[in-house]
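Engineer: Please find structure-v2.cif (mmCIF, C-alpha atoms) on the next line:
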data_my_file
loop_
_atom_site.label_atom_id
_atom_site.label_comp_id
_atom_site.auth_asym_id
_atom_site.auth_seq_id
_atom_site.Cartn_x
_atom_site.Cartn_y
_atom_site.Cartn_z
CA MET A 66 45.68 -9.17 -29.92
CA ALA A 67 48.27 -9.52 -32.65
CA LEU A 68 48.85 -12.66 -34.67
CA LEU A 69 52.04 -14.60 -34.15
CA GLN A 70 54.78 -12.40 -35.50
CA SER A 71 57.63 -13.57 -37.69
CA ARG A 72 61.17 -13.44 -36.41
CA ASN A 73 64.31 -12.01 -37.99
CA SER A 74 62.56 -9.88 -40.60
CA GLN A 75 60.56 -12.81 -42.03
CA ARG A 76 57.32 -11.63 -43.62
CA TRP A 77 53.81 -13.10 -43.49
CA SER A 78 53.63 -14.20 -47.14
CA PHE A 79 52.61 -17.84 -47.19
CA TYR A 80 55.32 -19.04 -49.56
CA ARG A 81 58.74 -17.77 -50.40
CA PRO A 82 60.55 -19.55 -53.25
CA LEU A 83 64.18 -20.43 -52.55
CA SER A 84 66.61 -20.99 -55.36
CA GLY A 85 66.74 -24.71 -56.29
CA HIS A 86 64.15 -25.70 -53.74
CA LYS A 87 60.43 -26.17 -53.56
CA PRO A 88 58.48 -23.33 -51.94
CA VAL A 89 58.46 -23.55 -48.14
CA LEU A 90 56.61 -21.77 -45.36
CA VAL A 91 58.24 -18.66 -43.96
CA GLY A 92 59.95 -19.54 -40.72
CA GLN A 93 59.11 -23.22 -41.26
CA ARG A 94 56.10 -22.81 -38.98
CA GLY A 95 53.47 -24.51 -41.14
CA TRP A 96 49.90 -23.77 -42.01
CA TYR A 97 48.65 -25.09 -38.70
CA LEU A 98 50.33 -22.23 -36.82
CA VAL A 99 48.65 -19.69 -39.06
CA VAL A 100 45.28 -21.31 -38.41
CA LEU A 101 46.07 -21.58 -34.70
CA GLY A 102 46.89 -17.89 -34.58
CA ILE A 103 43.63 -16.95 -36.26
CA LEU A 104 41.62 -19.20 -33.95
CA SER A 105 43.40 -17.74 -30.93
CA CYS A 106 42.35 -14.27 -32.04
CA ILE A 107 38.75 -15.37 -32.46
CA VAL A 108 38.68 -16.98 -29.01
CA PHE A 109 40.20 -13.89 -27.41
CA ILE A 110 37.73 -11.58 -29.10
CA TYR A 111 34.81 -13.75 -27.99
CA ILE A 112 36.00 -13.84 -24.40
CA SER A 113 36.76 -10.13 -24.19
CA ILE A 114 33.76 -8.90 -26.17
CA GLY A 115 31.39 -11.85 -25.91
CA TYR A 116 29.95 -11.52 -29.38
CA ILE A 117 30.32 -9.46 -32.53
CA GLY A 118 27.02 -8.01 -33.61
CA PHE A 119 23.59 -9.47 -33.02
CA HIS A 120 23.38 -13.15 -32.20
CA PRO A 121 20.43 -14.70 -33.97
CA GLU A 122 20.40 -17.49 -31.38
CA LEU A 123 19.44 -15.13 -28.55
CA PRO A 124 16.43 -16.73 -26.88
CA LYS A 125 12.98 -15.36 -27.52
CA MET A 126 11.63 -13.38 -24.59
CA ASN A 127 8.31 -11.77 -23.81
CA PHE A 128 7.62 -8.87 -21.49
CA VAL A 129 6.66 -9.51 -17.89
CA ARG A 130 3.25 -8.04 -17.03
CA VAL A 131 1.19 -7.51 -13.89
CA ASN A 132 -2.26 -8.88 -13.16
CA GLY A 133 -3.46 -7.74 -9.76
CA THR A 134 -1.08 -9.02 -7.11
CA GLN A 135 0.88 -11.26 -9.50
CA LEU A 136 3.64 -10.81 -12.00
CA MET A 137 2.73 -12.59 -15.22
CA LEU A 138 4.77 -14.10 -18.05
CA ASP A 139 3.18 -15.69 -21.11
CA GLY A 140 -0.18 -15.67 -19.36
CA LYS A 141 1.07 -17.50 -16.27
CA PRO A 142 2.14 -16.31 -12.79
CA PHE A 143 5.83 -15.44 -12.68
CA TYR A 144 7.51 -15.55 -9.28
CA VAL A 145 11.14 -14.46 -9.10
CA ASN A 146 14.32 -15.76 -7.55
CA GLY A 147 17.16 -13.39 -8.28
CA TRP A 148 20.23 -11.55 -7.14
CA ASN A 149 22.01 -8.21 -7.10
CA SER A 150 25.24 -7.48 -8.98
CA TYR A 151 25.19 -3.70 -9.10
CA TRP A 152 28.58 -3.59 -10.87
CA LEU A 153 27.76 -5.21 -14.22
CA MET A 154 27.97 -2.08 -16.39
CA ASP A 155 31.15 -0.92 -14.67
CA GLN A 156 32.89 -4.26 -15.20
CA ALA A 157 31.70 -4.49 -18.81
CA VAL A 158 33.66 -1.39 -19.87
CA GLU A 159 37.16 -2.90 -19.91
CA ASP A 160 38.16 -6.05 -21.78
CA TYR A 161 40.06 -7.44 -18.78
CA SER A 162 37.01 -7.29 -16.48
CA TRP A 163 34.34 -8.33 -19.00
CA PRO A 164 34.82 -12.07 -18.24
CA ARG A 165 33.52 -11.34 -14.73
CA VAL A 166 30.18 -10.34 -16.25
CA LEU A 167 30.14 -13.51 -18.34
CA GLU A 168 30.94 -15.59 -15.27
CA MET A 169 28.19 -13.94 -13.24
CA PHE A 170 25.47 -14.59 -15.79
CA GLN A 171 26.63 -18.19 -16.23
CA ILE A 172 26.44 -18.70 -12.47
CA GLY A 173 22.98 -17.14 -12.39
CA GLU A 174 21.81 -19.45 -15.15
CA ASN A 175 23.31 -22.50 -13.44
CA MET A 176 21.48 -21.60 -10.23
CA GLY A 177 18.15 -21.16 -12.01
CA LEU A 178 17.93 -17.45 -11.18
CA SER A 179 15.58 -15.38 -13.30
CA VAL A 180 16.25 -11.69 -12.51
CA CYS A 181 19.40 -9.70 -11.78
CA ARG A 182 19.20 -6.21 -10.30
CA SER A 183 21.95 -3.83 -11.38
CA TRP A 184 22.77 -0.15 -11.82
CA ALA A 185 21.99 1.56 -15.12
CA PHE A 186 23.56 4.74 -13.77
CA ASN A 187 27.01 6.08 -13.03
CA ASP A 188 26.98 9.82 -12.66
CA GLY A 189 30.37 11.53 -12.75
CA ALA A 190 32.34 8.68 -11.16
CA TYR A 191 34.97 6.37 -12.69
CA HIS A 192 33.53 4.75 -15.82
CA ALA A 193 30.77 7.37 -15.72
CA LEU A 194 27.82 6.82 -18.01
CA GLN A 195 26.73 10.43 -17.53
CA VAL A 196 29.86 12.58 -17.44
CA SER A 197 28.01 15.86 -16.82
CA LEU A 198 24.42 17.03 -17.01
CA GLY A 199 22.97 15.62 -20.23
CA ARG A 200 26.34 14.38 -21.59
CA PHE A 201 26.99 10.64 -21.92
CA ASN A 202 29.97 8.37 -22.52
CA GLU A 203 29.27 6.19 -25.57
CA ARG A 204 31.92 3.66 -24.51
CA VAL A 205 30.12 3.03 -21.23
CA PHE A 206 26.75 2.92 -22.98
CA LYS A 207 28.13 0.19 -25.23
CA ALA A 208 29.16 -1.70 -22.10
CA LEU A 209 25.58 -1.54 -20.85
CA ASP A 210 24.43 -2.73 -24.28
CA LYS A 211 26.64 -5.79 -23.84
CA VAL A 212 25.20 -6.49 -20.40
CA VAL A 213 21.64 -6.43 -21.73
CA VAL A 214 22.50 -8.83 -24.56
CA GLU A 215 24.47 -11.18 -22.33
CA ALA A 216 21.62 -11.33 -19.81
CA ARG A 217 19.23 -12.34 -22.56
CA ARG A 218 21.66 -14.92 -23.90
CA HIS A 219 21.48 -16.64 -20.51
CA GLY A 220 17.70 -16.32 -20.18
CA ILE A 221 18.00 -13.74 -17.38
CA ARG A 222 16.08 -10.49 -17.09
CA LEU A 223 17.43 -7.23 -15.66
CA LEU A 224 15.92 -4.97 -13.03
CA LEU A 225 17.73 -1.72 -13.80
CA SER A 226 17.97 1.07 -11.24
CA LEU A 227 18.09 4.62 -12.64
CA VAL A 228 19.69 6.76 -9.91
CA ASN A 229 21.06 6.40 -6.40
CA ASN A 230 19.77 8.22 -3.35
CA LEU A 231 23.18 7.47 -1.84
CA ASP A 232 26.50 8.95 -2.99
CA ALA A 233 27.93 5.79 -4.54
CA PHE A 234 28.29 6.11 -8.34
CA GLY A 235 27.33 9.77 -8.18
CA GLY A 236 23.76 9.60 -7.03
CA LYS A 237 21.38 12.49 -6.49
CA SER A 238 24.13 14.54 -4.86
CA GLN A 239 26.08 14.57 -8.13
CA TYR A 240 23.11 16.10 -9.95
CA VAL A 241 22.94 18.76 -7.24
CA ARG A 242 26.67 19.53 -7.49
CA TRP A 243 26.53 19.80 -11.28
CA ALA A 244 23.53 22.11 -11.15
CA TRP A 245 25.07 24.25 -8.41
CA GLU A 246 28.38 24.55 -10.26
CA GLU A 247 26.57 25.63 -13.43
CA GLY A 248 24.52 28.18 -11.52
CA ILE A 249 21.14 26.75 -12.48
CA SER A 250 19.93 25.39 -9.14
CA LEU A 251 18.08 27.06 -6.30
CA THR A 252 20.16 25.56 -3.48
CA SER A 253 23.03 23.16 -2.82
CA SER A 254 20.85 20.97 -0.60
CA ASN A 255 20.94 17.31 -1.61
CA ASP A 256 17.16 17.18 -1.45
CA SER A 257 16.94 19.83 -4.17
CA PHE A 258 17.25 16.84 -6.49
CA PHE A 259 13.59 16.23 -5.72
CA PHE A 260 12.20 19.77 -5.81
CA ASP A 261 14.44 21.90 -8.04
CA PRO A 262 12.77 22.32 -11.48
CA ALA A 263 16.08 22.52 -13.35
CA ILE A 264 17.41 19.32 -11.80
CA ARG A 265 14.12 17.54 -12.45
CA SER A 266 14.40 18.55 -16.11
CA TYR A 267 17.94 17.22 -16.37
CA PHE A 268 16.94 13.94 -14.77
CA LYS A 269 14.24 13.61 -17.40
CA VAL A 270 16.91 14.07 -20.07
CA TYR A 271 18.74 11.13 -18.54
CA LEU A 272 15.55 9.05 -18.37
CA LYS A 273 14.70 9.67 -22.01
CA THR A 274 18.27 8.91 -23.07
CA ILE A 275 18.23 5.57 -21.27
CA LEU A 276 14.76 4.49 -22.31
CA THR A 277 15.30 5.29 -26.00
CA ARG A 278 18.88 4.01 -26.17
CA LYS A 279 19.32 1.81 -29.26
CA ASN A 280 21.52 -1.16 -28.43
CA HIS A 281 24.47 -1.05 -30.84
CA LEU A 282 24.57 -4.87 -30.94
CA THR A 283 20.91 -5.63 -31.58
CA GLY A 284 19.40 -2.40 -32.90
CA ILE A 285 16.67 -2.71 -30.24
CA GLU A 286 15.82 0.30 -28.10
CA TYR A 287 15.88 -0.43 -24.39
CA ARG A 288 12.18 0.41 -24.09
CA ASP A 289 11.46 -2.39 -26.57
CA ASP A 290 13.77 -5.02 -25.08
CA PRO A 291 12.11 -7.76 -22.97
CA ALA A 292 15.50 -8.69 -21.49
CA ILE A 293 14.83 -5.72 -19.20
CA PHE A 294 12.42 -6.97 -16.55
CA ALA A 295 11.62 -3.57 -15.06
CA TRP A 296 12.93 -0.10 -14.27
CA GLU A 297 13.57 1.11 -10.72
CA LEU A 298 13.25 4.88 -10.32
CA ILE A 299 15.72 5.36 -7.47
CA ASN A 300 17.63 3.19 -5.03
CA GLU A 301 16.42 3.73 -1.44
CA PRO A 302 14.86 7.21 -1.81
CA ALA A 303 14.70 9.55 1.15
CA CYS A 304 13.93 13.26 1.46
CA LEU A 305 14.82 14.15 5.03
CA SER A 306 14.03 17.84 4.56
CA ASP A 307 10.32 17.05 4.20
CA ALA A 308 9.14 14.42 6.67
CA THR A 309 5.55 14.85 5.46
CA GLY A 310 6.54 12.94 2.35
CA ASP A 311 4.89 15.43 0.00
CA THR A 312 8.09 16.39 -1.82
CA LEU A 313 9.13 12.82 -2.54
CA GLN A 314 5.58 11.81 -3.46
CA ASP A 315 5.37 14.64 -5.99
CA TRP A 316 8.72 13.66 -7.53
CA LEU A 317 7.75 9.99 -7.76
CA GLU A 318 4.42 10.79 -9.40
CA GLU A 319 6.05 13.07 -11.97
CA MET A 320 8.93 10.76 -12.84
CA ALA A 321 6.80 7.63 -12.94
CA ALA A 322 4.37 9.32 -15.34
CA TYR A 323 7.28 10.52 -17.48
CA VAL A 324 8.80 7.03 -17.73
CA LYS A 325 5.43 5.56 -18.70
CA SER A 326 4.90 8.26 -21.33
CA ILE A 327 8.01 6.94 -23.11
CA ASP A 328 7.97 3.25 -22.19
CA LYS A 329 4.62 1.53 -21.79
CA LYS A 330 6.00 -1.99 -22.17
CA HIS A 331 8.14 -2.34 -19.05
CA LEU A 332 7.16 -2.59 -15.42
CA LEU A 333 8.15 0.21 -13.05
CA THR A 334 8.91 0.20 -9.33
CA VAL A 335 10.21 2.80 -6.90
CA GLY A 336 13.15 1.12 -5.16
CA PHE A 337 12.40 1.94 -1.56
CA GLU A 338 13.15 -0.03 1.58
CA GLY A 339 9.58 -0.38 2.76
CA PHE A 340 9.42 2.11 5.62
CA TYR A 341 6.02 3.48 6.61
CA GLY A 342 5.45 7.24 6.70
CA PRO A 343 3.05 9.66 8.37
CA ALA A 344 0.23 8.81 5.96
CA SER A 345 0.28 5.20 7.17
CA PRO A 346 -1.86 3.97 10.08
CA PRO A 347 -0.21 3.88 13.53
CA GLU A 348 0.04 0.09 13.61
CA ARG A 349 2.15 0.24 10.45
CA LEU A 350 4.32 3.10 11.69
CA SER A 351 5.11 0.99 14.74
CA MET A 352 6.62 -1.63 12.43
CA ASN A 353 9.49 0.67 11.42
CA PRO A 354 12.82 -0.24 13.06
CA SER A 355 12.73 3.10 14.93
CA ASP A 356 10.91 6.46 14.85
CA PHE A 357 13.61 7.90 12.58
CA TYR A 358 12.55 5.68 9.68
CA GLY A 359 9.07 7.19 9.73
CA ARG A 360 10.55 10.64 9.04
CA THR A 361 12.61 9.90 5.91
CA GLY A 362 9.99 11.26 3.52
CA ALA A 363 9.26 7.78 2.13
CA ASP A 364 5.99 5.98 2.76
CA PHE A 365 5.54 2.41 1.57
CA ILE A 366 1.76 2.51 1.23
CA ARG A 367 1.33 6.05 -0.07
CA ASN A 368 4.20 5.83 -2.57
CA SER A 369 3.13 2.40 -3.80
CA LYS A 370 -0.39 3.59 -4.60
CA ILE A 371 0.90 5.72 -7.48
CA SER A 372 -0.94 4.37 -10.51
CA ASP A 373 2.17 4.21 -12.71
CA ILE A 374 4.02 2.04 -10.16
CA ASP A 375 3.44 -1.59 -11.13
CA PHE A 376 4.97 -3.41 -8.18
CA THR A 377 6.46 -2.51 -4.83
CA SER A 378 9.88 -3.20 -3.34
CA VAL A 379 11.25 -3.84 0.15
CA HIS A 380 14.78 -4.17 1.55
CA ILE A 381 15.76 -6.17 4.64
CA TYR A 382 18.87 -5.37 6.72
CA PRO A 383 18.36 -6.33 10.37
CA ASP A 384 22.00 -5.69 11.37
CA GLN A 385 21.78 -2.07 10.20
CA TRP A 386 18.32 -1.43 11.60
CA LEU A 387 18.43 -3.29 14.93
CA LYS A 388 21.97 -2.79 16.18
CA LYS A 389 21.28 -3.80 19.80
CA ALA A 390 19.03 -6.78 19.10
CA ASN A 391 20.25 -10.36 19.34
CA PHE A 392 19.79 -12.78 16.47
CA SER A 393 16.57 -14.26 17.82
CA GLU A 394 15.04 -10.80 18.18
CA LYS A 395 16.10 -9.87 14.65
CA MET A 396 14.55 -13.02 13.23
CA LYS A 397 11.28 -12.34 15.02
CA TYR A 398 11.21 -8.78 13.72
CA ILE A 399 12.06 -9.74 10.13
CA SER A 400 9.36 -12.39 10.07
CA LYS A 401 6.79 -9.69 10.88
CA TRP A 402 8.42 -7.18 8.47
CA VAL A 403 8.12 -9.58 5.53
CA SER A 404 4.63 -10.86 6.32
CA ILE A 405 3.13 -7.42 6.91
CA HIS A 406 4.39 -6.10 3.56
CA ILE A 407 3.02 -9.11 1.73
CA GLU A 408 -0.28 -8.60 3.58
CA ASP A 409 -0.39 -4.91 2.58
CA CYS A 410 0.14 -5.84 -1.06
CA ASP A 411 -2.41 -8.65 -0.94
CA THR A 412 -5.15 -6.61 0.70
CA GLU A 413 -4.69 -2.85 0.26
CA LEU A 414 -2.25 -2.13 -2.56
CA LYS A 415 -3.29 -5.07 -4.77
CA LYS A 416 0.19 -5.14 -6.30
CA PRO A 417 3.11 -7.61 -6.20
CA VAL A 418 6.02 -6.98 -3.84
CA LEU A 419 9.63 -7.96 -4.47
CA PHE A 420 12.19 -8.11 -1.67
CA THR A 421 14.86 -6.59 -3.90
CA GLU A 422 17.67 -6.51 -1.32
CA PHE A 423 18.32 -8.55 1.79
CA GLY A 424 21.46 -9.40 3.68
CA LEU A 425 23.08 -10.27 6.99
CA SER A 426 26.38 -8.56 7.72
CA SER A 427 29.56 -10.62 8.02
CA ASP A 428 31.14 -7.73 9.99
CA HIS A 429 28.78 -8.09 12.92
CA LYS A 430 30.51 -9.28 16.09
CA ASP A 431 28.11 -12.22 16.39
CA TYR A 432 28.25 -13.21 12.72
CA ASP A 433 27.94 -16.88 11.99
CA PRO A 434 27.44 -18.33 8.47
CA ALA A 435 24.84 -20.67 9.93
CA LYS A 436 22.81 -17.66 11.11
CA ARG A 437 23.00 -16.11 7.66
CA HIS A 438 21.71 -19.38 6.23
CA ILE A 439 18.78 -19.39 8.68
CA PHE A 440 17.93 -15.77 7.92
CA TYR A 441 18.02 -16.18 4.14
CA LYS A 442 16.00 -19.38 4.31
CA SER A 443 13.30 -17.54 6.25
CA ILE A 444 12.98 -14.98 3.44
CA TYR A 445 12.82 -17.71 0.82
CA ASP A 446 10.24 -19.66 2.81
CA ALA A 447 7.99 -16.59 3.14
CA VAL A 448 8.14 -15.92 -0.60
CA HIS A 449 7.54 -19.58 -1.45
CA ASN A 450 4.56 -19.79 0.87
CA SER A 451 3.06 -16.69 -0.72
CA ALA A 452 3.71 -18.04 -4.21
CA LYS A 453 2.07 -21.39 -3.43
CA ASN A 454 -1.05 -19.48 -2.44
CA ASN A 455 -0.99 -17.16 -5.47
CA GLY A 456 -0.06 -14.30 -3.16
CA ALA A 457 1.62 -10.93 -3.66
CA GLY A 458 5.05 -12.06 -2.47
CA GLY A 459 6.57 -11.91 -5.93
CA GLY A 460 10.15 -12.90 -5.20
CA ALA A 461 13.45 -12.11 -3.49
CA LEU A 462 16.81 -10.86 -4.77
CA ILE A 463 19.82 -11.52 -2.56
CA TRP A 464 22.42 -8.80 -1.96
CA GLN A 465 24.96 -9.38 -3.49
CA PHE A 466 26.91 -11.73 -5.81
CA LEU A 467 30.51 -11.12 -6.86
CA ALA A 468 32.74 -12.83 -9.40
CA ARG A 469 36.24 -14.12 -8.77
CA GLY A 470 38.85 -11.38 -8.45
CA MET A 471 36.36 -8.81 -7.14
CA GLU A 472 37.34 -8.83 -3.48
CA LYS A 473 37.76 -5.04 -3.39
CA TYR A 474 34.11 -4.67 -4.49
CA ASN A 475 32.92 -6.72 -1.57
CA ASP A 476 30.94 -5.26 1.28
CA ASP A 477 29.96 -7.17 4.40
CA PHE A 478 27.14 -8.91 2.52
CA GLY A 479 28.96 -10.18 -0.57
CA ILE A 480 28.82 -13.78 -1.72
CA PHE A 481 31.20 -15.47 -4.16
CA PRO A 482 28.94 -18.28 -5.39
CA ASP A 483 30.46 -21.75 -5.26
CA SER A 484 28.49 -24.93 -5.91
CA ARG A 485 30.09 -26.52 -2.85
CA GLN A 486 28.66 -23.90 -0.50
CA PRO A 487 25.52 -24.54 1.57
CA MET A 488 24.37 -21.04 0.58
CA TYR A 489 24.67 -21.88 -3.12
CA LYS A 490 22.53 -24.97 -2.58
CA LEU A 491 19.96 -22.99 -0.60
CA ILE A 492 19.57 -20.39 -3.34
CA LYS A 493 19.38 -22.99 -6.08
CA HIS A 494 16.78 -24.94 -4.08
CA GLN A 495 14.66 -21.80 -3.91
CA SER A 496 14.93 -21.41 -7.69
CA CYS A 497 13.58 -24.92 -8.10
CA ARG A 498 10.74 -24.40 -5.65
CA ILE A 499 9.74 -21.19 -7.44
CA ALA A 500 10.01 -22.93 -10.82
CA GLU A 501 7.61 -25.62 -9.62
CA VAL A 502 5.10 -22.89 -8.76
CA ASN A 503 5.61 -21.07 -12.07
CA TYR A 504 5.56 -24.04 -14.41
CA LYS A 505 3.83 -26.82 -12.42
CA GLN A 506 3.53 -29.91 -14.62
CA ASP A 507 5.23 -28.09 -17.52
CA ILE A 508 8.53 -27.82 -15.65
CA LEU A 509 9.89 -30.82 -17.56
CA LYS A 510 9.63 -28.73 -20.73
CA THR A 511 11.84 -25.96 -19.33
CA PRO A 512 15.58 -25.59 -18.60
CA TYR A 513 14.75 -26.20 -14.93
CA LYS A 514 14.40 -29.89 -15.74
CA ASP A 515 18.20 -30.14 -15.89
CA ILE A 516 18.90 -27.57 -13.18
CA CYS A 517 16.61 -29.14 -10.60
CA GLN A 518 16.68 -32.86 -11.36
CA ASN A 519 19.15 -33.59 -8.56
CA ASN A 520 18.10 -30.77 -6.27
#
Just dump the structure as structure tokens.
Structural biologist:
Amino acid sequence: MALLQSRNSQRWSFYRPLSGHKPVLVGQRGWYLVVLGILSCIVFIYISIGYIGFHPELPKMNFVRVNGTQLMLDGKPFYVNGWNSYWLMDQAVEDYSWPRVLEMFQIGENMGLSVCRSWAFNDGAYHALQVSLGRFNERVFKALDKVVVEARRHGIRLLLSLVNNLDAFGGKSQYVRWAWEEGISLTSSNDSFFFDPAIRSYFKVYLKTILTRKNHLTGIEYRDDPAIFAWELINEPACLSDATGDTLQDWLEEMAAYVKSIDKKHLLTVGFEGFYGPASPPERLSMNPSDFYGRTGADFIRNSKISDIDFTSVHIYPDQWLKKANFSEKMKYISKWVSIHIEDCDTELKKPVLFTEFGLSSDHKDYDPAKRHIFYKSIYDAVHNSAKNNGAGGGALIWQFLARGMEKYNDDFGIFPDSRQPMYKLIKHQSCRIAEVNYKQDILKTPYKDICQNN
């Protein structure tokens, strides 16, 4: 942004002596306009960039750990209430869209949310982080740097996903296309992402690049930054070419071990939806929405037992899974789906579980905001009940929040948070209930004192 410019060839020297007169300001504008112009520049830079260099006032954070079935922070149980905004890095690239990121973190802080899940990948798409195999866009990396710092400034941690099983933002199919075009892959099958040695090697290049990235604003490598809550290996993995699950299991074991060999400080999860596979007992297989979901190559119990996986994840989309069911039938099913996964983590896996995506479609012919409210409340109640009993139900992250002006990014689950909305109040109420579990009598010493006093 340029400073106020002089008119009619006047120059920005502060004084210009005129014959027979005292010195006067050029253009008669006065010192206050000069100061105003400078302040305007500073304000614009702060809004568009957010900060210049490392902010010493960034809050102190410690790493989240795991102790049995519980997430732990500072030696105490840490249950999560969070949200998804997958688009943070993308919107942080351009100055005009950066305020949306600022707005989203401010909303999250105001609602008492503790974790935001977002993409730390964009492979070959617009605003690509990885522009081709092993080649990265520094401008986009700097945008991700800004997101990490801004999250910390608001006391929010990031759950960062590392690749997409789906095609959006490149995904595994983009790796396959790149490898096929360069003549280094065995096949053009999408599932070669999981079994092709060359593609596995290139994905490891990406992993190492991300984990050892030094934030240009703070000088902290990502693997050393507690603002990152955890890494997620892949969003909703599936390997349909091998229903036994062996191919996906082998990939998960290798990649999880590789991440942990570089970064031993952060938690790691898979990112799956929670479907049971052929290695699971029949009573668990029967819990899948249909037989198809037992043949995707994923297996909640088997995959979650990998020693380098610290906590499990589950998604919940009844409209997509149970297309012919009425709302009552969906609610009954989801109640069992949530409780059985918490039970598995309490008794067999001995690990926490986060419900990292859940949503009810606004495009469904029977959609009613009141039904969405009932559905979301049921998820929150299940997590809260588990938390009160020191259970494995570690938290829930709603899909998805959007900032103003992002209508084109909306899907049929998007929410534009507004403090007047019943949904806003429901989510904030959950934050306060979870805070009471996390902090107990110490809650008055935390920011939740102000957030929850009138809740």
Engineer: The PyMOL selection byres ((chain A and resi 238-246) around 12) on the file shown: which residues, as an NGL selection string?
Structural biologist: :A and (186-190 or 193 or 195-200 or 228-237 or 247-269 or 271)
Engineer: For this structure, which residues satisfy the selection - the PyMOL selection byres ((chain A and resi 299) around 8) - when it is evaluated on the file as given? I want them as a list of chain:residue names.
Structural biologist: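 Output of the PyMOL selection byres ((chain A and resi 299) around 8): A:Ser226, A:Leu227, A:Val228, A:Asn229, A:Asn230, A:Glu297, A:Leu298, A:Asn300, A:Glu301, A:Pro302, A:Val335, A:Gly336, A:Phe337.
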Engineer: I need the output of the PyMOL selection byres ((chain A and resi 361) around 6) for this file as an MDAnalysis selection string; which residues are they?
Structural biologist: chainID A and resid 303:305 308 358:360 362:363
Engineer: Restrict the selected residues to C-alpha atoms and save them as an mmCIF file, in the coordinates of the input.
Structural biologist:
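Done, and the output landed in result-v7.cif:
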data_model
loop_
_atom_site.group_PDB
_atom_site.id
_atom_site.type_symbol
_atom_site.label_atom_id
_atom_site.label_comp_id
_atom_site.auth_asym_id
_atom_site.auth_seq_id
_atom_site.Cartn_x
_atom_site.Cartn_y
_atom_site.Cartn_z
ATOM 1 C CA ALA A 303 14.700 9.550 1.150
ATOM 2 C CA CYS A 304 13.930 13.260 1.460
ATOM 3 C CA LEU A 305 14.820 14.150 5.030
ATOM 4 C CA ALA A 308 9.140 14.420 6.670
ATOM 5 C CA TYR A 358 12.550 5.680 9.680
ATOM 6 C CA GLY A 359 9.070 7.190 9.730
ATOM 7 C CA ARG A 360 10.550 10.640 9.040
ATOM 8 C CA GLY A 362 9.990 11.260 3.520
ATOM 9 C CA ALA A 363 9.260 7.780 2.130
#
Engineer: A:Tyr432, A:Pro343, A:Ser372, A:Glu174: which is nearest Leu317 in chain A, counting only C-alpha atoms?
Structural biologist: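 Smallest distance to Leu317 in chain A is found for A:Ser372.
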Engineer: Within 6 Å of Leu225 in chain A, counting all atoms listed in the file, which residues show up once you throw out same-chain ones fewer than 3 positions away? Write them as a PyMOL selection string, please.
Structural biologist: chain A and resi 182-185+296-297
Engineer: Restrict the selected residues to C-alpha atoms and save them as a PDB file, keeping the file's coordinate frame.
Structural biologist:
ATOM      1  CA  ARG A 182      19.200  -6.210 -10.300  1.00  0.00           C
ATOM      2  CA  SER A 183      21.950  -3.830 -11.380  1.00  0.00           C
ATOM      3  CA  TRP A 184      22.770  -0.150 -11.820  1.00  0.00           C
ATOM      4  CA  ALA A 185      21.990   1.560 -15.120  1.00  0.00           C
ATOM      5  CA  TRP A 296      12.930  -0.100 -14.270  1.00  0.00           C
ATOM      6  CA  GLU A 297      13.570   1.110 -10.720  1.00  0.00           C
TER       7      GLU A 297
END
Engineer: Please indicate the distance in Å from CA of Phe376 in chain A to CA of Val418 in chain A, rounded to one decimal place.
Structural biologist: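 Going from CA of Phe376 in chain A over to CA of Val418 in chain A, I get 5.7 Å.
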Engineer: I need the residue nearest Cys497 in chain A from this list: A:Lys514, A:Arg349, A:Lys397, A:Lys325. Use all atoms listed in the file for the distance.
Structural biologist: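 The closest residue to Cys497 in chain A is A:Lys514.
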Engineer: Can you save range 364-388 of chain A of the given block to a file, including C-alpha atoms and formatted as a PDB file, in the first residue's frame?
Structural biologist:
ATOM      1  CA  ASP A 364      -9.913 -51.827   9.431  1.00  0.00           C
ATOM      2  CA  PHE A 365     -10.498 -49.702  12.509  1.00  0.00           C
ATOM      3  CA  ILE A 366      -9.180 -52.202  15.052  1.00  0.00           C
ATOM      4  CA  ARG A 367      -6.289 -53.658  13.070  1.00  0.00           C
ATOM      5  CA  ASN A 368      -5.041 -50.294  11.791  1.00  0.00           C
ATOM      6  CA  SER A 369      -5.370 -48.656  15.200  1.00  0.00           C
ATOM      7  CA  LYS A 370      -3.217 -51.303  16.879  1.00  0.00           C
ATOM      8  CA  ILE A 371      -0.115 -50.036  15.064  1.00  0.00           C
ATOM      9  CA  SER A 372       2.258 -49.087  17.858  1.00  0.00           C
ATOM     10  CA  ASP A 373       3.221 -45.735  16.318  1.00  0.00           C
ATOM     11  CA  ILE A 374      -0.430 -44.634  16.119  1.00  0.00           C
ATOM     12  CA  ASP A 375      -1.199 -42.679  19.293  1.00  0.00           C
ATOM     13  CA  PHE A 376      -4.948 -42.178  18.977  1.00  0.00           C
ATOM     14  CA  THR A 377      -7.713 -43.302  16.661  1.00  0.00           C
ATOM     15  CA  SER A 378     -10.180 -41.329  14.567  1.00  0.00           C
ATOM     16  CA  VAL A 379     -13.765 -41.820  13.410  1.00  0.00           C
ATOM     17  CA  HIS A 380     -16.022 -39.913  10.990  1.00  0.00           C
ATOM     18  CA  ILE A 381     -19.823 -39.771  11.145  1.00  0.00           C
ATOM     19  CA  TYR A 382     -21.994 -39.080   8.074  1.00  0.00           C
ATOM     20  CA  PRO A 383     -25.377 -40.788   8.379  1.00  0.00           C
ATOM     21  CA  ASP A 384     -26.862 -39.104   5.278  1.00  0.00           C
ATOM     22  CA  GLN A 385     -24.094 -40.516   3.080  1.00  0.00           C
ATOM     23  CA  TRP A 386     -24.066 -43.958   4.669  1.00  0.00           C
ATOM     24  CA  LEU A 387     -27.783 -44.604   5.264  1.00  0.00           C
ATOM     25  CA  LYS A 388     -29.509 -43.046   2.285  1.00  0.00           C
TER      26      LYS A 388
END
